[in-house]
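Asks: Input entry_31.txt, format and content: compact mmCIF, N, CA, C and O atoms.
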# COMPACT_ATOMS: atom_id res chain seq x y z
N SER A 232 21.03 -15.41 -22.23
CA SER A 232 19.96 -15.02 -21.31
C SER A 232 19.75 -13.51 -21.37
O SER A 232 20.65 -12.75 -21.65
N ALA A 233 18.54 -13.12 -21.09
CA ALA A 233 18.20 -11.69 -21.12
C ALA A 233 18.71 -11.01 -19.86
O ALA A 233 18.66 -11.56 -18.77
N ALA A 234 19.19 -9.80 -20.03
CA ALA A 234 19.67 -9.02 -18.89
C ALA A 234 18.52 -8.22 -18.29
O ALA A 234 17.61 -7.81 -18.99
N ASP A 235 18.56 -8.03 -16.98
CA ASP A 235 17.56 -7.18 -16.34
C ASP A 235 17.90 -5.73 -16.61
O ASP A 235 19.00 -5.27 -16.28
N LEU A 236 16.99 -5.00 -17.22
CA LEU A 236 17.23 -3.58 -17.49
C LEU A 236 16.95 -2.73 -16.25
O LEU A 236 17.51 -1.67 -16.08
N VAL A 237 16.06 -3.20 -15.40
CA VAL A 237 15.71 -2.46 -14.19
C VAL A 237 16.81 -2.67 -13.16
O VAL A 237 17.10 -3.79 -12.77
N ARG A 238 17.40 -1.59 -12.73
CA ARG A 238 18.44 -1.66 -11.71
C ARG A 238 17.77 -1.85 -10.35
O ARG A 238 16.86 -1.11 -9.99
N ASN A 239 18.21 -2.87 -9.63
CA ASN A 239 17.69 -3.14 -8.30
C ASN A 239 16.16 -3.32 -8.31
O ASN A 239 15.45 -2.81 -7.46
N GLY A 240 15.68 -4.06 -9.29
CA GLY A 240 14.24 -4.29 -9.42
C GLY A 240 13.66 -5.08 -8.26
O GLY A 240 12.46 -5.00 -7.98
N SER A 241 14.48 -5.81 -7.55
CA SER A 241 14.00 -6.58 -6.40
C SER A 241 14.03 -5.78 -5.11
O SER A 241 13.55 -6.24 -4.08
N PHE A 242 14.62 -4.59 -5.16
CA PHE A 242 14.80 -3.73 -3.99
C PHE A 242 15.69 -4.36 -2.93
O PHE A 242 15.68 -3.95 -1.77
N ALA A 243 16.49 -5.35 -3.32
CA ALA A 243 17.42 -6.00 -2.38
C ALA A 243 18.47 -5.02 -1.88
O ALA A 243 18.98 -5.17 -0.77
N ALA A 244 18.77 -3.99 -2.67
CA ALA A 244 19.74 -2.96 -2.26
C ALA A 244 19.00 -1.70 -1.80
O ALA A 244 19.45 -0.58 -2.03
N GLY A 245 17.84 -1.89 -1.18
CA GLY A 245 17.07 -0.74 -0.71
C GLY A 245 16.51 0.04 -1.88
O GLY A 245 16.00 -0.53 -2.83
N LEU A 246 16.64 1.36 -1.83
CA LEU A 246 16.11 2.22 -2.89
C LEU A 246 17.18 2.65 -3.89
O LEU A 246 16.93 3.51 -4.73
N SER A 247 18.34 2.02 -3.81
CA SER A 247 19.43 2.33 -4.73
C SER A 247 18.99 2.11 -6.17
O SER A 247 18.39 1.09 -6.50
N GLY A 248 19.27 3.08 -7.04
CA GLY A 248 18.91 2.97 -8.44
C GLY A 248 17.55 3.54 -8.78
O GLY A 248 17.18 3.63 -9.94
N TRP A 249 16.80 3.95 -7.78
CA TRP A 249 15.46 4.48 -7.98
C TRP A 249 15.42 5.98 -7.67
O TRP A 249 16.10 6.44 -6.77
N ASP A 250 14.61 6.72 -8.40
CA ASP A 250 14.39 8.15 -8.14
C ASP A 250 13.05 8.30 -7.44
O ASP A 250 12.05 7.74 -7.88
N LEU A 251 13.06 9.06 -6.34
CA LEU A 251 11.83 9.27 -5.56
C LEU A 251 11.39 10.71 -5.71
O LEU A 251 12.21 11.63 -5.69
N TYR A 252 10.08 10.91 -5.83
CA TYR A 252 9.52 12.24 -6.00
C TYR A 252 8.42 12.47 -4.98
O TYR A 252 7.64 11.58 -4.71
N GLY A 253 8.37 13.67 -4.46
CA GLY A 253 7.40 14.06 -3.45
C GLY A 253 8.14 14.52 -2.21
O GLY A 253 9.21 14.04 -1.90
N SER A 254 7.54 15.45 -1.50
CA SER A 254 8.22 16.10 -0.38
C SER A 254 8.65 15.14 0.73
O SER A 254 9.65 15.37 1.39
N ALA A 255 7.90 14.09 0.95
CA ALA A 255 8.25 13.15 2.03
C ALA A 255 8.45 11.73 1.50
O ALA A 255 8.32 10.76 2.24
N ALA A 256 8.79 11.61 0.23
CA ALA A 256 8.88 10.29 -0.41
C ALA A 256 9.85 9.36 0.29
O ALA A 256 9.59 8.16 0.43
N ARG A 257 10.99 9.87 0.77
CA ARG A 257 11.97 9.01 1.45
C ARG A 257 11.37 8.33 2.68
O ARG A 257 11.70 7.20 2.99
N ALA A 258 10.46 9.00 3.35
CA ALA A 258 9.85 8.42 4.53
C ALA A 258 8.71 7.46 4.17
O ALA A 258 8.39 6.56 4.94
N LEU A 259 8.10 7.64 3.00
CA LEU A 259 6.95 6.84 2.63
C LEU A 259 7.31 5.56 1.89
O LEU A 259 6.60 4.57 1.96
N PHE A 260 8.42 5.57 1.13
CA PHE A 260 8.87 4.39 0.40
C PHE A 260 10.02 3.74 1.14
O PHE A 260 11.02 4.40 1.44
N THR A 261 9.91 2.47 1.45
CA THR A 261 10.99 1.75 2.11
C THR A 261 11.08 0.34 1.53
O THR A 261 10.09 -0.20 1.03
N ALA A 262 12.26 -0.24 1.60
CA ALA A 262 12.44 -1.64 1.20
C ALA A 262 12.27 -2.49 2.45
O ALA A 262 12.88 -2.22 3.48
N VAL A 263 11.41 -3.50 2.37
CA VAL A 263 11.12 -4.36 3.52
C VAL A 263 11.17 -5.83 3.09
O VAL A 263 11.09 -6.15 1.92
N SER A 264 11.27 -6.71 4.07
CA SER A 264 11.25 -8.14 3.80
C SER A 264 9.81 -8.64 3.92
O SER A 264 9.14 -8.39 4.91
N VAL A 265 9.35 -9.34 2.87
CA VAL A 265 8.00 -9.89 2.85
C VAL A 265 8.09 -11.33 2.36
O VAL A 265 8.55 -11.58 1.24
N ASP A 266 7.69 -12.25 3.19
CA ASP A 266 7.72 -13.67 2.83
C ASP A 266 9.09 -14.11 2.32
O ASP A 266 9.20 -14.86 1.35
N GLY A 267 10.15 -13.60 2.94
CA GLY A 267 11.50 -14.00 2.58
C GLY A 267 12.09 -13.28 1.38
O GLY A 267 13.20 -13.58 0.96
N GLU A 268 11.37 -12.34 0.79
CA GLU A 268 11.87 -11.56 -0.34
C GLU A 268 11.82 -10.08 0.01
O GLU A 268 11.03 -9.66 0.85
N THR A 269 12.66 -9.30 -0.65
CA THR A 269 12.64 -7.86 -0.43
C THR A 269 11.57 -7.25 -1.34
O THR A 269 11.42 -7.64 -2.48
N ALA A 270 10.86 -6.29 -0.81
CA ALA A 270 9.78 -5.64 -1.56
C ALA A 270 9.78 -4.15 -1.25
O ALA A 270 10.37 -3.70 -0.28
N LEU A 271 9.11 -3.39 -2.09
CA LEU A 271 8.94 -1.96 -1.86
C LEU A 271 7.66 -1.77 -1.05
O LEU A 271 6.61 -2.32 -1.37
N ARG A 272 7.78 -1.00 0.02
CA ARG A 272 6.61 -0.69 0.84
C ARG A 272 6.30 0.79 0.68
O ARG A 272 7.19 1.64 0.81
N TYR A 273 5.05 1.08 0.39
CA TYR A 273 4.59 2.46 0.29
C TYR A 273 3.58 2.67 1.40
O TYR A 273 2.53 2.03 1.42
N ALA A 274 3.90 3.53 2.36
CA ALA A 274 3.03 3.75 3.51
C ALA A 274 2.60 5.21 3.56
O ALA A 274 3.15 6.01 4.29
N LYS A 275 1.63 5.55 2.75
CA LYS A 275 1.12 6.92 2.74
C LYS A 275 0.35 7.17 4.02
O LYS A 275 -0.39 6.31 4.50
N THR A 276 0.53 8.34 4.57
CA THR A 276 -0.12 8.67 5.83
C THR A 276 -1.05 9.85 5.66
O THR A 276 -0.99 10.57 4.66
N SER A 277 -1.89 10.08 6.63
CA SER A 277 -2.80 11.23 6.58
C SER A 277 -2.05 12.55 6.68
O SER A 277 -2.60 13.60 6.38
N ALA A 278 -0.79 12.50 7.08
CA ALA A 278 0.00 13.74 7.17
C ALA A 278 0.28 14.33 5.79
O ALA A 278 0.54 15.51 5.66
N HIS A 279 0.23 13.50 4.75
CA HIS A 279 0.49 13.96 3.38
C HIS A 279 -0.57 13.42 2.42
O HIS A 279 -0.26 12.78 1.44
N PRO A 280 -1.85 13.69 2.69
CA PRO A 280 -2.91 13.05 1.90
C PRO A 280 -3.02 13.55 0.46
O PRO A 280 -3.46 12.81 -0.40
N ALA A 281 -2.65 14.76 0.17
CA ALA A 281 -2.88 15.31 -1.16
C ALA A 281 -1.63 15.31 -2.03
O ALA A 281 -1.68 15.68 -3.19
N ASP A 282 -0.50 14.95 -1.47
CA ASP A 282 0.73 14.97 -2.25
C ASP A 282 0.80 13.81 -3.22
O ASP A 282 0.24 12.75 -2.99
N ASN A 283 1.50 14.04 -4.32
CA ASN A 283 1.69 13.01 -5.33
C ASN A 283 3.10 12.46 -5.17
O ASN A 283 4.07 13.15 -5.41
N TYR A 284 3.20 11.22 -4.76
CA TYR A 284 4.49 10.58 -4.57
C TYR A 284 4.67 9.50 -5.61
O TYR A 284 3.72 8.79 -5.94
N HIS A 285 5.87 9.39 -6.12
CA HIS A 285 6.14 8.26 -7.00
C HIS A 285 7.62 7.91 -7.00
O HIS A 285 8.46 8.68 -6.57
N ILE A 286 7.88 6.71 -7.46
CA ILE A 286 9.23 6.19 -7.53
C ILE A 286 9.40 5.71 -8.97
O ILE A 286 8.49 5.10 -9.54
N ASP A 287 10.54 6.07 -9.58
CA ASP A 287 10.69 5.63 -10.96
C ASP A 287 12.15 5.44 -11.34
O ASP A 287 13.05 5.73 -10.56
N GLN A 288 12.33 4.97 -12.54
CA GLN A 288 13.64 4.69 -13.06
C GLN A 288 13.58 4.81 -14.58
O GLN A 288 12.63 4.34 -15.20
N THR A 289 14.55 5.47 -15.16
CA THR A 289 14.62 5.60 -16.62
C THR A 289 15.47 4.47 -17.17
O THR A 289 16.59 4.25 -16.70
N LEU A 290 14.93 3.77 -18.15
CA LEU A 290 15.62 2.64 -18.76
C LEU A 290 16.00 2.97 -20.20
O LEU A 290 15.25 3.64 -20.90
N THR A 291 17.12 2.47 -20.63
CA THR A 291 17.54 2.63 -22.02
C THR A 291 17.12 1.39 -22.79
O THR A 291 17.49 0.27 -22.44
N THR A 292 16.32 1.60 -23.82
CA THR A 292 15.83 0.49 -24.63
C THR A 292 16.25 0.69 -26.08
O THR A 292 16.74 1.76 -26.46
N ARG A 293 16.04 -0.34 -26.89
CA ARG A 293 16.39 -0.26 -28.31
C ARG A 293 15.13 -0.33 -29.16
O ARG A 293 14.19 -1.06 -28.81
N PRO A 294 15.12 0.38 -30.28
CA PRO A 294 13.95 0.33 -31.18
C PRO A 294 13.73 -1.11 -31.69
O PRO A 294 14.68 -1.90 -31.80
N ASP A 295 12.51 -1.41 -32.00
CA ASP A 295 12.13 -2.70 -32.58
C ASP A 295 12.55 -3.89 -31.71
O ASP A 295 12.89 -4.96 -32.21
N THR A 296 12.54 -3.69 -30.40
CA THR A 296 12.90 -4.75 -29.46
C THR A 296 11.74 -4.94 -28.50
O THR A 296 11.16 -3.98 -28.01
N MET A 297 11.39 -6.19 -28.24
CA MET A 297 10.30 -6.49 -27.34
C MET A 297 10.84 -6.70 -25.93
O MET A 297 11.86 -7.36 -25.75
N TYR A 298 10.15 -6.12 -24.95
CA TYR A 298 10.53 -6.24 -23.55
C TYR A 298 9.35 -6.78 -22.76
O TYR A 298 8.20 -6.52 -23.10
N ARG A 299 9.65 -7.50 -21.70
CA ARG A 299 8.61 -8.00 -20.81
C ARG A 299 8.79 -7.34 -19.45
O ARG A 299 9.89 -7.36 -18.90
N VAL A 300 7.71 -6.80 -18.93
CA VAL A 300 7.73 -6.16 -17.62
C VAL A 300 6.72 -6.87 -16.74
O VAL A 300 5.58 -7.11 -17.15
N SER A 301 7.14 -7.25 -15.55
CA SER A 301 6.20 -7.87 -14.63
C SER A 301 6.30 -7.17 -13.27
O SER A 301 7.37 -6.75 -12.86
N VAL A 302 5.16 -7.05 -12.62
CA VAL A 302 5.07 -6.38 -11.33
C VAL A 302 4.14 -7.20 -10.45
O VAL A 302 3.09 -7.65 -10.89
N ARG A 303 4.53 -7.38 -9.21
CA ARG A 303 3.65 -7.99 -8.22
C ARG A 303 3.38 -6.95 -7.15
O ARG A 303 4.30 -6.29 -6.68
N TYR A 304 2.14 -6.79 -6.78
CA TYR A 304 1.84 -5.87 -5.69
C TYR A 304 0.63 -6.36 -4.90
O TYR A 304 -0.17 -7.13 -5.38
N ARG A 305 0.56 -5.88 -3.68
CA ARG A 305 -0.54 -6.21 -2.78
C ARG A 305 -0.94 -4.92 -2.10
O ARG A 305 -0.10 -4.14 -1.66
N SER A 306 -2.24 -4.69 -2.02
CA SER A 306 -2.72 -3.48 -1.37
C SER A 306 -3.96 -3.79 -0.56
O SER A 306 -4.90 -4.39 -1.07
N ALA A 307 -3.93 -3.40 0.69
CA ALA A 307 -5.08 -3.62 1.56
C ALA A 307 -6.04 -2.43 1.51
O ALA A 307 -7.23 -2.59 1.72
N VAL A 308 -5.53 -1.25 1.22
CA VAL A 308 -6.36 -0.05 1.28
C VAL A 308 -6.28 0.76 -0.01
O VAL A 308 -7.29 1.14 -0.58
N LEU A 309 -5.07 1.01 -0.47
CA LEU A 309 -4.87 1.88 -1.62
C LEU A 309 -5.14 1.16 -2.93
O LEU A 309 -5.10 -0.05 -3.02
N SER A 310 -5.42 1.93 -3.95
CA SER A 310 -5.50 1.40 -5.31
C SER A 310 -4.27 1.92 -6.04
O SER A 310 -4.29 2.98 -6.64
N PRO A 311 -3.16 1.17 -5.96
CA PRO A 311 -1.93 1.68 -6.55
C PRO A 311 -2.02 1.75 -8.07
O PRO A 311 -2.73 0.99 -8.71
N VAL A 312 -1.30 2.69 -8.61
CA VAL A 312 -1.21 2.84 -10.05
C VAL A 312 0.18 2.39 -10.46
O VAL A 312 1.18 2.91 -9.97
N VAL A 313 0.24 1.42 -11.33
CA VAL A 313 1.50 0.96 -11.89
C VAL A 313 1.49 1.41 -13.34
O VAL A 313 0.59 1.05 -14.10
N ALA A 314 2.47 2.22 -13.70
CA ALA A 314 2.47 2.77 -15.06
C ALA A 314 3.81 2.58 -15.72
O ALA A 314 4.86 2.63 -15.07
N ILE A 315 3.76 2.37 -17.00
CA ILE A 315 4.95 2.31 -17.82
C ILE A 315 4.77 3.38 -18.89
O ILE A 315 3.78 3.38 -19.61
N ALA A 316 5.71 4.30 -18.94
CA ALA A 316 5.58 5.40 -19.88
C ALA A 316 6.80 5.41 -20.80
O ALA A 316 7.87 4.98 -20.44
N THR A 317 6.58 5.91 -22.00
CA THR A 317 7.69 6.05 -22.92
C THR A 317 7.91 7.52 -23.21
O THR A 317 7.00 8.33 -23.16
N THR A 318 9.15 7.84 -23.49
CA THR A 318 9.49 9.21 -23.85
C THR A 318 10.38 9.18 -25.09
O THR A 318 11.10 8.23 -25.33
N ASN A 319 10.31 10.21 -25.86
CA ASN A 319 11.16 10.35 -27.04
C ASN A 319 11.89 11.68 -26.95
O ASN A 319 11.37 12.72 -27.29
N TRP A 320 13.10 11.63 -26.44
CA TRP A 320 13.87 12.87 -26.33
C TRP A 320 14.92 12.92 -27.38
O TRP A 320 15.57 12.03 -27.72
Please express what this file holds, its structure, as structure tokens.
Replies:
Amino acid sequence: SAADLVRNGSFAAGLSGWDLYGSAARALFTAVSVDGETALRYAKTSAHPADNYHIDQTLTTRPDTMYRVSVRYRSAVLSPVVAIATTNW
């Protein structure tokens, strides 16, 4: 079976394993229960309208290997951006 590369991808352990960026990110990102599952909640407020907040995780992958990434999200107001980026260091 394939191993999950994303640490705490379900957010069952809160924000453990994730890096948060932005001056008030800890207050804006929280792990909450939704329909019996843990999910990430992003609650941007008018107090920080222009700041750029994000949460991310660096994964170690292997060349010539195919990976599948899936994300579920719901937004009533915001247009969230879900991005996957690669780096070559």
Asks: Find, counting only N, CA, C and O atoms, the residue in A:Ala316, A:Arg305, A:Thr291, A:Met297 that gets nearest to Leu236 of chain A.
Replies: A:Thr291
Asks: So that I can check the surroundings of Asn283 of chain A, please list as a ChimeraX atom specification every protein, DNA and RNA residue that reaches within 6 Å of it, counting all atoms listed in the file and ignoring chain neighbours fewer than 2 positions away.
Replies: /A:252-254,281,285
Asks: By how many Å are atom CA of Gly245 of chain A and atom CA of Arg303 of chain A apart?
Replies: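 Separating atom CA of Gly245 of chain A from atom CA of Arg303 of chain A is a distance of 17.0 Å.
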Asks: Could you list as a list of chain:residue names every residue that has an atom within 9 Å of (20.1, 4.8, -9.4), using the file's coordinates and counting only C-alpha atoms?
Replies: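 Final list of nearby residues, as requested, is A:Arg238, A:Asn239, A:Leu246, A:Ser247, A:Gly248, A:Trp249, A:Asp250, A:Gln288.
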Asks: For Glu268 of chain A, which of A:Ala243, A:Ala234, A:Val302, A:Ile315 is the closest residue, counting only C-alpha atoms?
Replies: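 Distance minimum relative to Glu268 of chain A lands on A:Ala243.
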Asks: Tell me which protein, DNA and RNA residues are within 8 Å of Lys275 of chain A, counting all atoms listed in the file, leaving out same-chain ones fewer than 6 positions away, and put them as number ranges by chain.
Replies: A: 258-260
Asks: Could you check the closest approach to Asp235 of chain A for each of A:Asp287, A:Tyr298, A:Ala256, A:Ser264 and tell me which residue wins, using only C-alpha atoms?
Replies: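 Among the listed residues, A:Tyr298 lies closest to Asp235 of chain A.
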Asks: Could you jot down the atom O of Gly240 of chain A to atom O of Leu271 of chain A separation for me, Å, one decimal place?
Replies: 9.2 Å
Asks: Have a look at atom CA of Leu290 of chain A and atom CA of Ser241 of chain A and let me know their distance in Å, one decimal.
Replies: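 Those two atoms sit 15.5 Å apart.
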Asks: May I have all residues of segment 235-307 of chain A that DSSP, computed from the backbone, assigns to helix (DSSP H, G or I), given as JSON, numbers by chain?
Replies: {"A": [256, 257, 258, 259]}
Asks: Pick out the closest residue to Ala255 of chain A from this set: A:Thr296, A:Val237, A:Tyr284, A:Thr318. Count all atoms listed in the file.
Replies: A:Tyr284
